[in-house]
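J.: For reference, the file entry_20.cif (mmCIF, C-alpha atoms) is included below:
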data_final
#
loop_
_atom_site.label_atom_id
_atom_site.label_comp_id
_atom_site.auth_asym_id
_atom_site.auth_seq_id
_atom_site.Cartn_x
_atom_site.Cartn_y
_atom_site.Cartn_z
CA MET A 1 -12.33 16.09 48.25
CA THR A 2 -15.32 18.46 48.38
CA GLY A 3 -16.24 17.59 44.79
CA ILE A 4 -16.16 13.86 45.58
CA ILE A 5 -18.44 14.26 48.59
CA GLU A 6 -20.79 16.48 46.56
CA GLY A 7 -20.85 13.92 43.76
CA PHE A 8 -21.63 11.09 46.18
CA VAL A 9 -24.49 12.97 47.84
CA LEU A 10 -26.00 14.08 44.53
CA GLY A 11 -25.65 10.57 43.14
CA LEU A 12 -27.89 9.28 45.92
CA LEU A 13 -30.71 11.27 44.30
CA GLY A 14 -30.91 8.35 41.90
CA PHE A 15 -33.26 6.93 44.53
CA ALA A 16 -35.83 9.44 43.23
CA PRO A 17 -37.77 7.86 40.34
CA PHE A 18 -37.90 9.45 36.88
CA VAL A 19 -35.11 11.94 37.66
CA HIS A 20 -32.49 11.40 34.98
CA ALA A 21 -28.77 11.74 35.73
CA ASN A 22 -28.42 14.35 32.98
CA LEU A 23 -31.04 16.51 34.68
CA LEU A 24 -29.20 16.34 38.00
CA ILE A 25 -25.90 17.28 36.34
CA GLN A 26 -27.60 20.21 34.64
CA LEU A 27 -29.32 21.47 37.78
CA ALA A 28 -26.37 20.96 40.14
CA GLY A 29 -23.75 22.21 37.71
CA ILE A 30 -21.24 19.45 38.53
CA THR A 31 -17.97 20.23 36.72
CA GLY A 32 -15.06 18.52 38.49
CA LEU A 33 -13.77 15.30 36.91
CA ALA A 34 -13.63 13.28 40.14
CA GLY A 35 -16.97 14.63 41.38
CA VAL A 36 -18.91 13.82 38.22
CA CYS A 37 -17.37 10.33 37.97
CA VAL A 38 -18.25 9.53 41.59
CA PHE A 39 -21.73 10.93 40.94
CA ALA A 40 -22.15 8.66 37.89
CA GLY A 41 -21.08 5.58 39.84
CA VAL A 42 -23.36 6.28 42.80
CA HIS A 43 -26.29 7.16 40.53
CA LEU A 44 -25.86 3.89 38.60
CA VAL A 45 -26.37 1.94 41.82
CA SER A 46 -28.99 4.09 43.53
CA SER A 47 -31.17 4.20 40.39
CA VAL A 48 -31.71 0.45 40.78
CA PHE A 49 -34.38 1.24 43.37
CA PRO A 50 -36.77 3.23 41.13
CA ALA A 51 -36.12 0.75 38.29
CA VAL A 52 -37.49 -2.03 40.51
CA LEU A 53 -40.09 -0.18 42.55
CA PHE A 54 -41.60 2.08 39.90
CA ALA A 55 -40.92 0.00 36.76
CA SER A 56 -39.08 3.04 35.48
CA PRO A 57 -37.44 2.36 32.09
CA PHE A 58 -35.51 5.61 32.41
CA GLY A 59 -31.73 5.65 32.41
CA ALA A 60 -29.16 2.89 32.80
CA HIS A 61 -31.58 0.24 34.05
CA ALA A 62 -34.22 0.59 31.34
CA ALA A 63 -33.77 -3.06 30.41
CA ALA A 64 -34.53 -4.12 33.98
CA THR A 65 -38.16 -3.11 33.59
CA ALA A 66 -39.03 -6.14 31.49
CA GLU A 67 -42.68 -6.85 31.00
CA SER A 68 -42.70 -9.82 33.43
CA ARG A 69 -43.42 -8.73 37.00
CA SER A 70 -43.19 -10.09 40.52
CA SER A 71 -44.34 -9.03 43.97
CA LYS A 72 -40.87 -9.62 45.46
CA PRO A 73 -38.89 -6.39 45.03
CA GLY A 74 -36.30 -7.44 47.60
CA GLU A 75 -35.24 -10.42 45.49
CA ALA A 76 -35.02 -8.31 42.34
CA LEU A 77 -32.85 -5.77 44.19
CA ARG A 78 -30.54 -8.52 45.42
CA VAL A 79 -30.03 -9.94 41.92
CA MET A 80 -29.38 -6.51 40.43
CA PHE A 81 -26.90 -5.47 43.12
CA HIS A 82 -24.87 -8.65 42.70
CA ALA A 83 -24.99 -8.26 38.92
CA LEU A 84 -23.75 -4.69 39.25
CA PHE A 85 -20.84 -5.84 41.40
CA TRP A 86 -19.69 -8.61 39.07
CA GLY A 87 -20.37 -6.62 35.91
CA LEU A 88 -18.26 -3.71 37.13
CA LEU A 89 -15.51 -6.03 38.41
CA PHE A 90 -15.24 -7.73 35.00
CA ALA A 91 -15.27 -4.31 33.30
CA VAL A 92 -12.27 -3.26 35.38
CA CYS A 93 -10.45 -6.52 34.61
CA LEU A 94 -10.98 -5.97 30.87
CA ALA A 95 -9.85 -2.34 31.05
CA PRO A 96 -6.08 -2.85 30.41
CA PHE A 97 -6.83 -4.61 27.12
CA VAL A 98 -9.65 -2.28 26.06
CA PHE A 99 -7.73 0.90 26.90
CA ALA A 100 -4.69 -0.31 24.95
CA PHE A 101 -6.57 -0.93 21.71
CA ALA A 102 -9.55 1.47 21.97
CA PRO A 103 -8.13 4.53 20.13
CA ALA A 104 -6.97 2.55 17.09
CA ALA A 105 -10.05 0.32 17.11
CA TYR A 106 -12.42 3.29 17.28
CA ALA A 107 -10.65 5.08 14.42
CA GLY A 108 -11.02 1.99 12.23
CA PHE A 109 -14.58 1.31 13.35
CA LYS A 110 -15.98 4.85 13.02
CA PRO A 111 -16.71 4.72 9.23
CA PHE A 112 -18.81 1.59 9.77
CA ALA A 113 -20.61 2.70 12.94
CA GLY A 114 -23.86 3.46 11.14
CA HIS A 115 -23.98 0.04 9.50
CA VAL A 116 -23.40 -1.68 12.83
CA LEU A 117 -26.01 0.56 14.46
CA LEU A 118 -28.51 -0.50 11.79
CA LEU A 119 -27.65 -4.14 12.41
CA VAL A 120 -28.18 -3.73 16.17
CA ALA A 121 -31.57 -2.07 15.56
CA LEU A 122 -32.65 -4.86 13.19
CA LEU A 123 -31.50 -7.56 15.61
CA PHE A 124 -33.42 -5.91 18.41
CA LEU A 125 -36.60 -5.63 16.32
CA SER A 126 -36.26 -9.26 15.30
CA THR A 127 -36.49 -10.25 18.98
CA GLN A 128 -39.88 -8.53 19.21
CA ARG A 129 -41.52 -10.37 16.29
CA SER A 130 -44.46 -8.00 16.23
CA PHE A 131 -45.83 -5.47 13.77
CA PHE A 132 -46.84 -3.27 16.70
CA ALA A 133 -43.26 -3.29 18.00
CA PHE A 134 -42.05 -2.02 14.63
CA LEU A 135 -44.84 0.58 14.59
CA CYS A 136 -43.84 1.89 18.02
CA PHE A 137 -40.19 1.96 16.96
CA ALA A 138 -41.00 3.88 13.76
CA LEU A 139 -43.35 6.40 15.39
CA SER A 140 -40.92 7.17 18.20
CA GLY A 141 -38.20 7.51 15.56
CA CYS A 142 -40.23 10.06 13.61
CA LEU A 143 -40.92 12.01 16.79
CA GLY A 144 -37.27 11.96 17.82
CA PHE A 145 -36.13 13.11 14.39
CA LEU A 146 -38.60 16.02 14.37
CA VAL A 147 -37.63 17.10 17.88
CA PHE A 148 -33.90 16.99 17.13
CA SER A 149 -34.28 18.63 13.71
CA THR A 150 -36.22 21.69 14.85
CA PRO A 151 -35.28 24.46 17.31
CA LEU A 152 -38.40 23.77 19.36
CA VAL A 153 -36.51 22.95 22.58
CA ALA A 154 -32.88 23.79 23.32
CA GLU A 155 -32.36 20.62 25.41
CA PRO A 156 -34.86 18.09 23.97
CA LEU A 157 -33.67 14.90 25.71
CA PHE A 158 -35.36 15.50 29.05
CA PRO A 159 -38.93 16.10 27.78
CA LEU A 160 -38.54 13.47 25.05
CA LEU A 161 -37.31 10.66 27.31
CA SER A 162 -39.62 11.67 30.16
CA GLY A 163 -42.61 11.38 27.85
CA LEU A 164 -41.54 8.18 26.13
CA PHE A 165 -40.63 6.27 29.28
CA ALA A 166 -41.44 7.92 32.61
CA VAL A 167 -45.00 9.12 32.00
CA PRO A 168 -46.24 5.80 30.52
CA ALA A 169 -44.76 3.91 33.47
CA LEU A 170 -46.60 6.20 35.88
CA LEU A 171 -49.90 6.10 34.01
CA ALA A 172 -49.73 2.34 33.54
CA GLY A 173 -49.30 1.84 37.28
CA ASN A 174 -46.44 0.44 39.31
CA ALA A 175 -45.31 -3.15 39.16
CA PHE A 176 -42.30 -4.82 40.67
CA VAL A 177 -39.67 -6.32 38.40
CA LYS A 178 -39.40 -10.04 38.27
CA SER A 179 -35.98 -11.25 39.38
CA GLY A 180 -35.74 -14.36 37.26
CA SER A 181 -33.51 -17.06 38.70
CA ASP A 182 -31.89 -16.85 42.13
CA SER A 183 -28.40 -17.09 40.64
CA PHE A 184 -26.72 -16.37 37.35
CA PRO A 185 -23.66 -17.78 35.58
CA LEU A 186 -20.57 -15.59 35.73
CA ALA A 187 -19.86 -16.41 32.07
CA LEU A 188 -23.05 -14.53 31.18
CA VAL A 189 -21.92 -11.55 33.23
CA PHE A 190 -18.56 -11.59 31.46
CA ILE A 191 -20.30 -11.48 28.05
CA ALA A 192 -22.38 -8.53 29.28
CA ALA A 193 -19.26 -6.71 30.50
CA LEU A 194 -17.57 -7.30 27.14
CA LEU A 195 -20.55 -5.87 25.26
CA GLY A 196 -20.56 -2.87 27.59
CA ALA A 197 -16.87 -2.28 26.87
CA PHE A 198 -17.54 -1.73 23.18
CA SER A 199 -20.97 -0.07 23.45
CA PRO A 200 -19.50 3.50 23.42
CA PHE A 201 -18.42 2.82 19.83
CA LEU A 202 -22.08 3.15 18.82
CA PRO A 203 -24.21 6.28 19.24
CA ALA A 204 -27.78 6.09 20.59
CA VAL A 205 -27.42 2.51 21.85
CA SER A 206 -28.82 1.86 25.30
CA PRO A 207 -28.29 -1.21 27.51
CA ALA A 208 -31.90 -2.17 26.78
CA LEU A 209 -31.27 -2.35 23.04
CA LEU A 210 -27.97 -4.19 23.41
CA ALA A 211 -29.50 -6.67 25.84
CA GLY A 212 -32.49 -7.25 23.56
CA ALA A 213 -30.26 -7.85 20.54
CA ALA A 214 -27.89 -10.11 22.50
CA PHE A 215 -30.74 -12.26 23.77
CA LEU A 216 -31.55 -13.20 20.20
CA PHE A 217 -28.50 -15.45 20.55
CA LEU A 218 -28.45 -16.10 24.30
CA GLY A 219 -31.88 -17.69 24.52
CA GLY A 220 -33.51 -18.04 27.92
CA ALA A 221 -30.57 -16.96 30.09
CA PRO A 222 -31.37 -14.74 33.13
CA PHE A 223 -32.22 -11.43 31.49
CA LEU A 224 -32.24 -9.23 34.57
CA ALA A 225 -28.70 -10.16 35.64
CA PHE A 226 -27.40 -9.83 32.09
CA ALA A 227 -28.95 -6.42 31.45
CA THR A 228 -27.80 -5.03 34.80
CA SER A 229 -24.22 -6.25 34.32
CA LEU A 230 -24.21 -4.68 30.87
CA ALA A 231 -25.40 -1.36 32.32
CA ALA A 232 -22.56 -1.42 34.88
CA SER A 233 -19.91 -2.04 32.22
CA LYS A 234 -21.36 0.55 29.87
CA GLY A 235 -21.43 3.17 32.64
CA PHE A 236 -17.73 2.56 33.34
CA TYR A 237 -16.65 2.66 29.69
CA ASP A 238 -18.85 5.61 28.71
CA LEU A 239 -16.72 7.80 30.98
CA ALA A 240 -13.41 6.14 30.11
CA PHE A 241 -13.98 6.53 26.36
CA ALA A 242 -14.69 10.23 26.84
CA ARG A 243 -11.00 10.55 27.78
CA LEU A 244 -9.66 7.86 25.44
CA VAL A 245 -11.27 8.85 22.12
CA GLY A 246 -13.34 11.94 22.92
CA VAL A 247 -16.82 10.45 22.47
CA ALA A 248 -19.55 11.27 24.98
CA ARG A 249 -22.59 8.99 25.30
CA SER A 250 -24.05 10.56 28.46
CA GLY A 251 -24.28 13.88 30.28
CA ALA A 252 -21.56 12.79 32.71
CA ALA A 253 -19.32 11.77 29.80
CA VAL A 254 -19.69 15.25 28.28
CA VAL A 255 -18.33 16.79 31.49
CA VAL A 256 -15.49 14.23 31.58
CA ARG A 257 -14.58 14.88 27.93
CA GLU A 258 -14.33 18.63 28.52
CA ALA A 259 -12.28 18.37 31.73
CA PRO A 260 -8.76 19.79 31.23
CA LEU A 261 -6.96 17.02 33.16
CA GLY A 262 -7.40 13.37 34.02
CA SER A 263 -6.71 10.01 32.39
CA ALA A 264 -9.11 7.20 31.57
CA TRP A 265 -7.71 5.28 34.55
CA GLU A 266 -8.44 8.16 36.94
CA THR A 267 -11.92 8.48 35.48
CA GLY A 268 -12.61 4.76 35.89
CA ALA A 269 -11.18 4.69 39.42
CA ALA A 270 -13.43 7.55 40.58
CA PHE A 271 -16.45 5.88 39.01
CA CYS A 272 -15.65 2.60 40.81
CA VAL A 273 -15.16 4.37 44.15
CA GLY A 274 -18.66 5.82 43.91
CA ALA A 275 -20.30 2.64 42.61
CA PHE A 276 -18.69 0.21 45.08
CA ALA A 277 -19.27 2.53 48.05
CA CYS A 278 -22.96 2.87 47.17
CA LEU A 279 -23.18 -0.90 46.58
CA ALA A 280 -21.78 -1.60 50.04
CA LEU A 281 -24.29 0.81 51.58
CA SER A 282 -27.20 -0.65 49.59
CA LEU A 283 -26.36 -4.27 50.42
CA ALA A 284 -26.04 -3.40 54.11
CA LEU A 285 -29.53 -1.86 54.04
CA LEU A 286 -31.10 -4.48 51.76
CA PRO A 287 -32.53 -6.82 54.47
CA TRP A 288 -34.27 -3.92 56.18
CA LEU A 289 -35.41 -2.40 52.89
CA SER A 290 -36.86 -5.70 51.67
CA LYS A 291 -39.13 -5.88 54.70
CA GLN A 292 -40.24 -2.28 54.42
CA LEU A 293 -40.93 -2.46 50.69
CA GLU A 294 -43.54 -5.16 51.14
CA ARG A 295 -45.67 -2.61 53.03
CA VAL A 296 -45.39 0.33 50.64
CA ARG A 297 -48.25 1.33 48.36
CA LEU A 298 -46.47 2.96 45.47
CA GLY A 299 -49.52 3.94 43.46
CA SER A 300 -50.18 6.93 45.70
CA PHE A 301 -46.93 8.52 44.53
CA ASN A 302 -47.85 8.53 40.83
CA LEU A 303 -49.67 11.84 40.80
CA PHE A 304 -46.81 13.53 42.63
CA PHE A 305 -44.21 12.35 40.11
CA LEU A 306 -46.40 13.27 37.15
CA ALA A 307 -46.70 16.78 38.55
CA PHE A 308 -42.94 16.89 39.12
CA LEU A 309 -42.23 15.98 35.49
CA PHE A 310 -44.68 18.60 34.23
CA PHE A 311 -43.28 21.46 36.30
CA ALA A 312 -39.64 20.41 35.80
CA ASN A 313 -40.09 20.53 32.02
CA LEU A 314 -41.97 23.81 32.26
CA ALA A 315 -39.19 25.36 34.33
CA LEU A 316 -36.33 24.07 32.17
CA GLY A 317 -37.80 24.40 28.69
CA GLY A 318 -41.01 26.41 28.89
CA PRO A 319 -44.28 25.59 27.09
CA ASN A 320 -42.45 24.02 24.14
CA ALA A 321 -40.87 21.44 26.43
CA VAL A 322 -44.30 20.63 27.86
CA PHE A 323 -45.61 20.20 24.31
CA VAL A 324 -42.79 17.74 23.52
CA LEU A 325 -43.51 15.97 26.82
CA GLY A 326 -47.17 15.54 25.83
CA ALA A 327 -46.42 14.31 22.32
CA ALA A 328 -43.78 11.88 23.60
CA SER A 329 -46.17 10.61 26.27
CA ALA A 330 -48.77 9.80 23.63
CA VAL A 331 -46.22 7.83 21.62
CA GLY A 332 -44.74 6.26 24.75
CA LEU A 333 -48.11 4.86 25.79
CA LEU A 334 -48.40 2.82 22.58
CA PRO A 335 -46.02 0.02 23.68
CA VAL A 336 -48.05 -0.30 26.89
CA ALA A 337 -51.30 -0.43 24.93
CA PHE A 338 -49.97 -2.96 22.41
CA GLY A 339 -48.17 -5.08 25.00
CA VAL A 340 -44.72 -4.81 23.42
CA ALA A 341 -41.36 -3.89 24.95
CA ARG A 342 -41.06 -0.24 25.89
CA ALA A 343 -37.45 -0.34 24.68
CA ASN A 344 -38.99 0.05 21.19
CA SER A 345 -39.38 3.71 22.05
CA MET A 346 -35.59 3.98 21.80
CA GLY A 347 -36.28 4.45 18.10
CA ALA A 348 -36.44 8.13 19.07
CA LEU A 349 -32.63 8.07 19.36
CA LEU A 350 -31.73 5.34 16.89
CA VAL A 351 -33.71 6.52 13.87
CA PRO A 352 -32.30 10.09 13.86
CA SER A 353 -28.76 8.71 14.23
CA LEU A 354 -29.27 6.37 11.29
CA LEU A 355 -30.81 9.08 9.09
CA TYR A 356 -27.90 11.44 9.76
CA PHE A 357 -25.32 8.70 9.15
CA TYR A 358 -26.80 7.72 5.77
CA GLY A 359 -27.41 11.35 4.73
CA LEU A 360 -31.17 10.89 4.58
CA ASP A 361 -32.08 13.65 7.04
CA ALA A 362 -32.99 16.22 4.36
CA LEU A 363 -35.21 13.72 2.53
CA ALA A 364 -36.85 12.66 5.79
CA LEU A 365 -37.62 16.30 6.67
CA ALA A 366 -39.21 16.83 3.24
CA VAL A 367 -41.41 13.75 3.69
CA LEU A 368 -42.45 14.55 7.26
CA TYR A 369 -43.24 18.17 6.52
#
Written as structure tokens, that's how I'd like the structure from this file.

T.:
Amino acid sequence: MTGIIEGFVLGLLGFAPFVHANLLIQLAGITGLAGVCVFAGVHLVSSVFPAVLFASPFGAHAAATAESRSSKPGEALRVMFHALFWGLLFAVCLAPFVFAFAPAAYAGFKPFAGHVLLLVALLFLSTQRSFFAFLCFALSGCLGFLVFSTPLVAEPLFPLLSGLFAVPALLAGNAFVKSGSDSFPLALVFIAALLGAFSPFLPAVSPALLAGAAFLFLGGAPFLAFATSLAASKGFYDLAFARLVGVARSGAAVVVREAPLGSAWETGAAFCVGAFACLALSLALLPWLSKQLERVRLGSFNLFFLAFLFFANLALGGPNAVFVLGAASAVGLLPVAFGVARANSMGALLVPSLLYFYGLDALALAVLY
């Protein structure tokens, strides 16, 4: 019970912008299966707030920080909370079928994962229709490959993702996320939940990339609701698949995979307890929060969070981590400068995965060096 309470309280730190769940797990040393699953569920919900308020493309709700903006954060929060609820509910309803076939399906799919990953990347880039989008994708990919291929930083994800996403969002200024339509079709949420159920099959695929690729076929449907529902389903199945097939697509999933006991059902149940409890709390506070948010000047917090990222990287990884943070920030600012989707910076994870899958890593190192 203590671990569950600890996980819930720590999960609420998702309210703090630009603080990734993996960093919190590392700092707090969460190890219990139930505690880390509750933490992941609460963090999924609480991190909606910085995604909307600080346009933070950092973590599960990266896709929510689309380039269109609005001055109505309360409405965006309402849409995202309802999308989280329905997305997670559909994910749970699909679970008996997914859990039954996942081990065999993953074993058959694994040899083709790289080809599918390449297809997803190409579909996503085709939605951008811009040379500058491809340039940002390629440059971030080169940076990611160099960082992962050298012993420069023991834990490179935090400085790399902080620089690519958090720092550009802070330097570019805050902007509220546009909510899109007031309602969304449940059929769209079901499609998002289905995509989230199979997303753990692919390495280095974020909800932003999946949502971008899917919208090549879905047209002008409400993007915010779709992307948020997909993030809810992916969060649920990331943890479940850690027990089902032993793959870990997040820091929380790594802890779940290494836990000595616990089934996929227990993992999913603990995640839902945390997520639904935090959703109930957030929806109860939403009317009051909506009024207060209209009065807040968020720009004054930018300097504080930039300083936090600098000193957090310095403390965790030393000067080398700060160097990676600076290099990633320079690359991460390019999508802002060119006016293309910041999800293109996910090339930092996709390109290395593709190079390793196709056995091109040695050749790529020779070319880059």

J.: Under the PyMOL selection byres ((chain A and resi 264) around 12), which residues of this model are included? Write them out as a ChimeraX atom specification.

T.: /A:33-34,37,92,95-96,98-100,102-103,236-246,253,256-257,259,261-263,265-271

J.: On this file, the PyMOL selection byres ((chain A and resi 348) around 9) gives some set of residues; write that set as a list in words.

T.: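 Checked against the file, the PyMOL selection byres ((chain A and resi 348) around 9) matches Phe137, Ala138, Leu139, Ser140, Gly141, Cys142, Leu143, Gly144, Phe145, Leu160, Leu161, Leu164, Asn344, Ser345, Met346, Gly347, Leu349, Leu350, Val351 and Pro352 of chain A.
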
J.: What is the atom CA of Phe276 of chain A-atom CA of Leu289 of chain A distance in Å, reported with one decimal?

T.: 18.6 Å

J.: Taking all atoms listed in the file into account, which of A:Ala366, A:Leu306, A:Ala76, A:Ala277 comes nearest Val167 of chain A?

T.: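 Looking only at the distances to Val167 of chain A, the closest residue turns out to be A:Leu306.
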
J.: Measuring between only C-alpha atoms, which one of A:Val189, A:Gly32, A:His82, A:Phe165 shows the shortest distance to Ala343 of chain A?

T.: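 For Ala343 of chain A, the nearest of the candidates is A:Phe165.
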
J.: Write out as a ChimeraX atom specification each polymer residue whose atoms come within 7 Å of Ser46 of chain A, counting only C-alpha atoms; drop sequence neighbours fewer than 2 positions from it.

T.: /A:12,14-15,42-44,48-49

J.: So how far away is atom CA of Phe310 of chain A from atom CA of Arg342 of chain A, in Å?

T.: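 The value is 20.9 Å.
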
J.: To one decimal place, how far is atom CA of Leu202 of chain A from atom CA of Lys110 of chain A in Å?

T.: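 So the two atoms, atom CA of Leu202 of chain A and atom CA of Lys110 of chain A, lie 8.6 Å apart.
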
J.: Determine, counting only C-alpha atoms, which protein, DNA and RNA residues have an atom within 7 Å of an atom of segment 318-329 of chain A; residues of the same chain fewer than 3 positions away are not included. Present the result as JSON, numbers by chain.

T.: {"A": [152, 153, 159, 160, 162, 163, 164, 167, 168, 310, 313, 314, 315, 332, 333]}

J.: Any idea what's packed within 7 Å of Phe39 of chain A, counting all atoms listed in the file, ignoring anything in its chain fewer than 3 positions away? Could you give it as a list of chain:residue names?

T.: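 Close residues of Phe39 of chain A: A:Gly7, A:Phe8, A:Leu10, A:Gly11, A:Gly35, A:Val36, A:Val42, A:His43, A:Gly274.
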